[in-house]
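Heads up, the thing below is written out as structure tokens.
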Amino acid sequence: MTFGAAGGQQMGPQARTPAVEPTVLLVISLGGGLGAVLRYVVGLGWPTPPGQVPWSTFAINVSGCFAIGILMVLITEVWVAHRLLRPFLGIGLLGGFTTFSTYSLEIRRLLESGATTEALGYLGGTVAASLGAVWLGMGVARLATGTARTQQRGGRQ
């Protein structure tokens, strides 16, 4: 077994990661800032009492996963999307809106407060619901755009 970069291949100048365009970084930053503000506003409007399941973060993560499911179908199967749309909406906006770090911290807080059952339910429930939301979002987008039939036949027509 070979370890190291590129399966043991030589690392030369041609193997380096290309620089990211400033425009892409800008749209990711703008989208991420907007997504983070939206998440913050939801949290303010739907606070979590100590020792309780943080339903606002759960809803944020699941709705963000639903939205990414829709977005990915639209920009990969339906539209010829502008090159900055995915970085802005997918990486920026939805990446800033959803939150793994807050989810992890809230699990820790639940465990520390003695709410072990709630913590474990939140831990597994968020993962299951988020994966289900991506799948559902993709299905809804495919049904709404008529691409579900072509997916069942093995691809685009």
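Identifiers for the structure tokens are assigned positionally: chains receive A, B, ... in sequence, residues are indexed from 1 per chain, and ligands are indexed from 1 in the order shown.
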Distance query Gly96 in chain A at most 8 Å, only C-alpha atoms, self and fewer than 5 positions along chain excluded, as a list in words: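 Residues near the query, excluding close chain neighbours: Gly31, Gly32, Gly33, Leu34, Gly35, Ala36, Arg39 and Ile91 of chain A.
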Writing out the chosen residues with all heavy atoms as a compact mmCIF listing (two decimals), in the first residue's frame:
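The new file out.txt reads:
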```txt
# COMPACT_ATOMS: atom_id res chain seq x y z
N GLY A 31 -22.38 34.76 0.10
CA GLY A 31 -23.41 33.78 0.39
C GLY A 31 -23.30 33.24 1.80
O GLY A 31 -24.30 33.08 2.51
N GLY A 32 -22.08 32.96 2.25
CA GLY A 32 -21.87 32.45 3.60
C GLY A 32 -22.29 33.44 4.66
O GLY A 32 -22.90 33.07 5.67
N GLY A 33 -21.98 34.71 4.44
CA GLY A 33 -22.41 35.74 5.38
C GLY A 33 -23.92 35.84 5.46
O GLY A 33 -24.50 35.92 6.55
N LEU A 34 -24.56 35.79 4.31
CA LEU A 34 -26.02 35.85 4.27
C LEU A 34 -26.64 34.63 4.95
O LEU A 34 -27.58 34.76 5.75
CB LEU A 34 -26.50 35.95 2.82
CG LEU A 34 -28.00 36.07 2.59
CD1 LEU A 34 -28.58 37.28 3.30
CD2 LEU A 34 -28.28 36.15 1.10
N GLY A 35 -26.10 33.45 4.68
CA GLY A 35 -26.60 32.23 5.30
C GLY A 35 -26.43 32.24 6.81
O GLY A 35 -27.32 31.83 7.56
N ALA A 36 -25.29 32.73 7.28
CA ALA A 36 -25.03 32.81 8.73
C ALA A 36 -25.99 33.78 9.41
O ALA A 36 -26.49 33.51 10.51
CB ALA A 36 -23.58 33.20 8.99
N ARG A 39 -29.35 32.08 9.68
CA ARG A 39 -29.32 31.10 10.77
C ARG A 39 -29.44 31.81 12.12
O ARG A 39 -30.17 31.38 13.00
CB ARG A 39 -28.05 30.26 10.72
CG ARG A 39 -27.99 29.24 11.86
CD ARG A 39 -26.77 28.35 11.80
NE ARG A 39 -25.58 29.07 12.18
CZ ARG A 39 -24.46 29.13 11.47
NH1 ARG A 39 -24.37 28.50 10.32
NH2 ARG A 39 -23.43 29.81 11.89
N ILE A 91 -22.31 26.37 -1.58
CA ILE A 91 -21.21 26.46 -0.61
C ILE A 91 -21.43 27.63 0.33
O ILE A 91 -21.30 27.50 1.55
CB ILE A 91 -19.86 26.58 -1.34
CG1 ILE A 91 -19.61 25.35 -2.21
CG2 ILE A 91 -18.73 26.75 -0.33
CD1 ILE A 91 -18.46 25.49 -3.19
```
Please identify which residues in range 61-143 of chain A DSSP calls alpha helix (DSSP H) from the backbone, and express them as a PyMOL selection string. chain A and resi 61-73+85+95-97+100-112+116-143
Which residues come within 7 Å of Gly51 in chain A, counting only C-alpha atoms, excluding same-chain residues fewer than 4 positions away, as a PDB file with N, CA and C atoms, in the first residue's frame?
```
ATOM      1  N   LEU A 110     -26.427  18.957  25.758  1.00  0.00           N
ATOM      2  CA  LEU A 110     -27.492  18.050  26.205  1.00  0.00           C
ATOM      3  C   LEU A 110     -26.912  16.948  27.081  1.00  0.00           C
ATOM      4  N   SER A 113     -26.019  18.230  30.489  1.00  0.00           N
ATOM      5  CA  SER A 113     -27.171  18.554  31.329  1.00  0.00           C
ATOM      6  C   SER A 113     -27.890  17.300  31.815  1.00  0.00           C
ATOM      7  N   ALA A 115     -29.379  15.115  29.786  1.00  0.00           N
ATOM      8  CA  ALA A 115     -30.433  14.741  28.842  1.00  0.00           C
ATOM      9  C   ALA A 115     -29.865  13.789  27.792  1.00  0.00           C
TER      10      ALA A 115
END
```
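Distance-wise, CA of Ile70 in chain A and CA of Leu143 in chain A end up 10.6 Å apart.
Here CA of Phe97 in chain A stands at a distance of 7.0 Å from CA of Ile60 in chain A.
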Exercise: Phe58 in chain A partners within 12 Å, only C-alpha atoms, chain neighbours under 6 positions left out, as a PyMOL selection string: chain A and resi 39+42-43+46+48+64-65+97-100+102-104+106-107+121-130+133
Let me make sure I understand: among A:Glu77, A:Ser101, A:Leu94, A:Arg86, which one has the smallest atom-to-atom distance to Thr147 in chain A if we use only C-alpha atoms? A:Glu77
Separation of CA of Gly90 in chain A and CA of Gly146 in chain A, in Å?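 According to the coordinates, CA of Gly90 in chain A and CA of Gly146 in chain A are separated by 22.3 Å.
Of the residues listed (A:Thr145, A:Val140, A:Gly95, A:Arg83), A:Arg83 shows the shortest atom-to-atom separation from Glu21 in chain A; distances use only C-alpha atoms.
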Between A:Arg109, A:Gly114, A:Phe88, A:Ala67, which has the minimum distance to Gly139 in chain A (counting only C-alpha atoms)?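 Checking each of A:Arg109, A:Gly114, A:Phe88, A:Ala67 against Gly139 in chain A, counting only C-alpha atoms, the winner is A:Ala67.
Using only C-alpha atoms for every distance, the candidate list A:Leu111, A:Leu44, A:Ile28, A:Val62 yields A:Ile28 as the residue closest to Leu89 in chain A.
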Please provide as a PDB file with all heavy atoms, in the first residue's frame all residues within 6 Å of Val134 in chain A, with the sequence filter that same-chain residues fewer than 3 positions apart are discarded (counting only C-alpha atoms).
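Result went into result_15.pdb, see below:
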```
ATOM      1  N   CYS A  65     -30.606  21.006   4.041  1.00  0.00           N
ATOM      2  CA  CYS A  65     -30.363  19.780   3.262  1.00  0.00           C
ATOM      3  C   CYS A  65     -31.429  19.583   2.190  1.00  0.00           C
ATOM      4  O   CYS A  65     -31.125  19.165   1.069  1.00  0.00           O
ATOM      5  CB  CYS A  65     -30.298  18.578   4.198  1.00  0.00           C
ATOM      6  SG  CYS A  65     -28.777  18.534   5.164  1.00  0.00           S
ATOM      7  N   PHE A  66     -32.661  19.904   2.518  1.00  0.00           N
ATOM      8  CA  PHE A  66     -33.741  19.841   1.523  1.00  0.00           C
ATOM      9  C   PHE A  66     -33.426  20.805   0.371  1.00  0.00           C
ATOM     10  O   PHE A  66     -33.520  20.437  -0.802  1.00  0.00           O
ATOM     11  CB  PHE A  66     -35.074  20.199   2.185  1.00  0.00           C
ATOM     12  CG  PHE A  66     -36.251  20.160   1.260  1.00  0.00           C
ATOM     13  CD1 PHE A  66     -36.801  18.951   0.862  1.00  0.00           C
ATOM     14  CD2 PHE A  66     -36.828  21.328   0.809  1.00  0.00           C
ATOM     15  CE1 PHE A  66     -37.897  18.909   0.006  1.00  0.00           C
ATOM     16  CE2 PHE A  66     -37.925  21.306  -0.046  1.00  0.00           C
ATOM     17  CZ  PHE A  66     -38.458  20.091  -0.446  1.00  0.00           C
ATOM     18  N   GLY A  69     -30.635  19.579  -1.884  1.00  0.00           N
ATOM     19  CA  GLY A  69     -31.133  18.532  -2.782  1.00  0.00           C
ATOM     20  C   GLY A  69     -31.804  19.127  -4.009  1.00  0.00           C
ATOM     21  O   GLY A  69     -31.555  18.711  -5.146  1.00  0.00           O
ATOM     22  N   LEU A 131     -30.392  13.487   5.773  1.00  0.00           N
ATOM     23  CA  LEU A 131     -30.211  12.640   4.581  1.00  0.00           C
ATOM     24  C   LEU A 131     -31.538  12.435   3.858  1.00  0.00           C
ATOM     25  O   LEU A 131     -31.603  12.488   2.629  1.00  0.00           O
ATOM     26  CB  LEU A 131     -29.603  11.294   4.975  1.00  0.00           C
ATOM     27  CG  LEU A 131     -28.137  11.327   5.402  1.00  0.00           C
ATOM     28  CD1 LEU A 131     -27.713   9.971   5.956  1.00  0.00           C
ATOM     29  CD2 LEU A 131     -27.244  11.742   4.252  1.00  0.00           C
ATOM     30  N   GLY A 137     -35.708  16.413  -1.327  1.00  0.00           N
ATOM     31  CA  GLY A 137     -35.518  17.616  -2.141  1.00  0.00           C
ATOM     32  C   GLY A 137     -35.179  17.268  -3.579  1.00  0.00           C
ATOM     33  O   GLY A 137     -35.698  17.880  -4.516  1.00  0.00           O
TER      34      GLY A 137
END
```
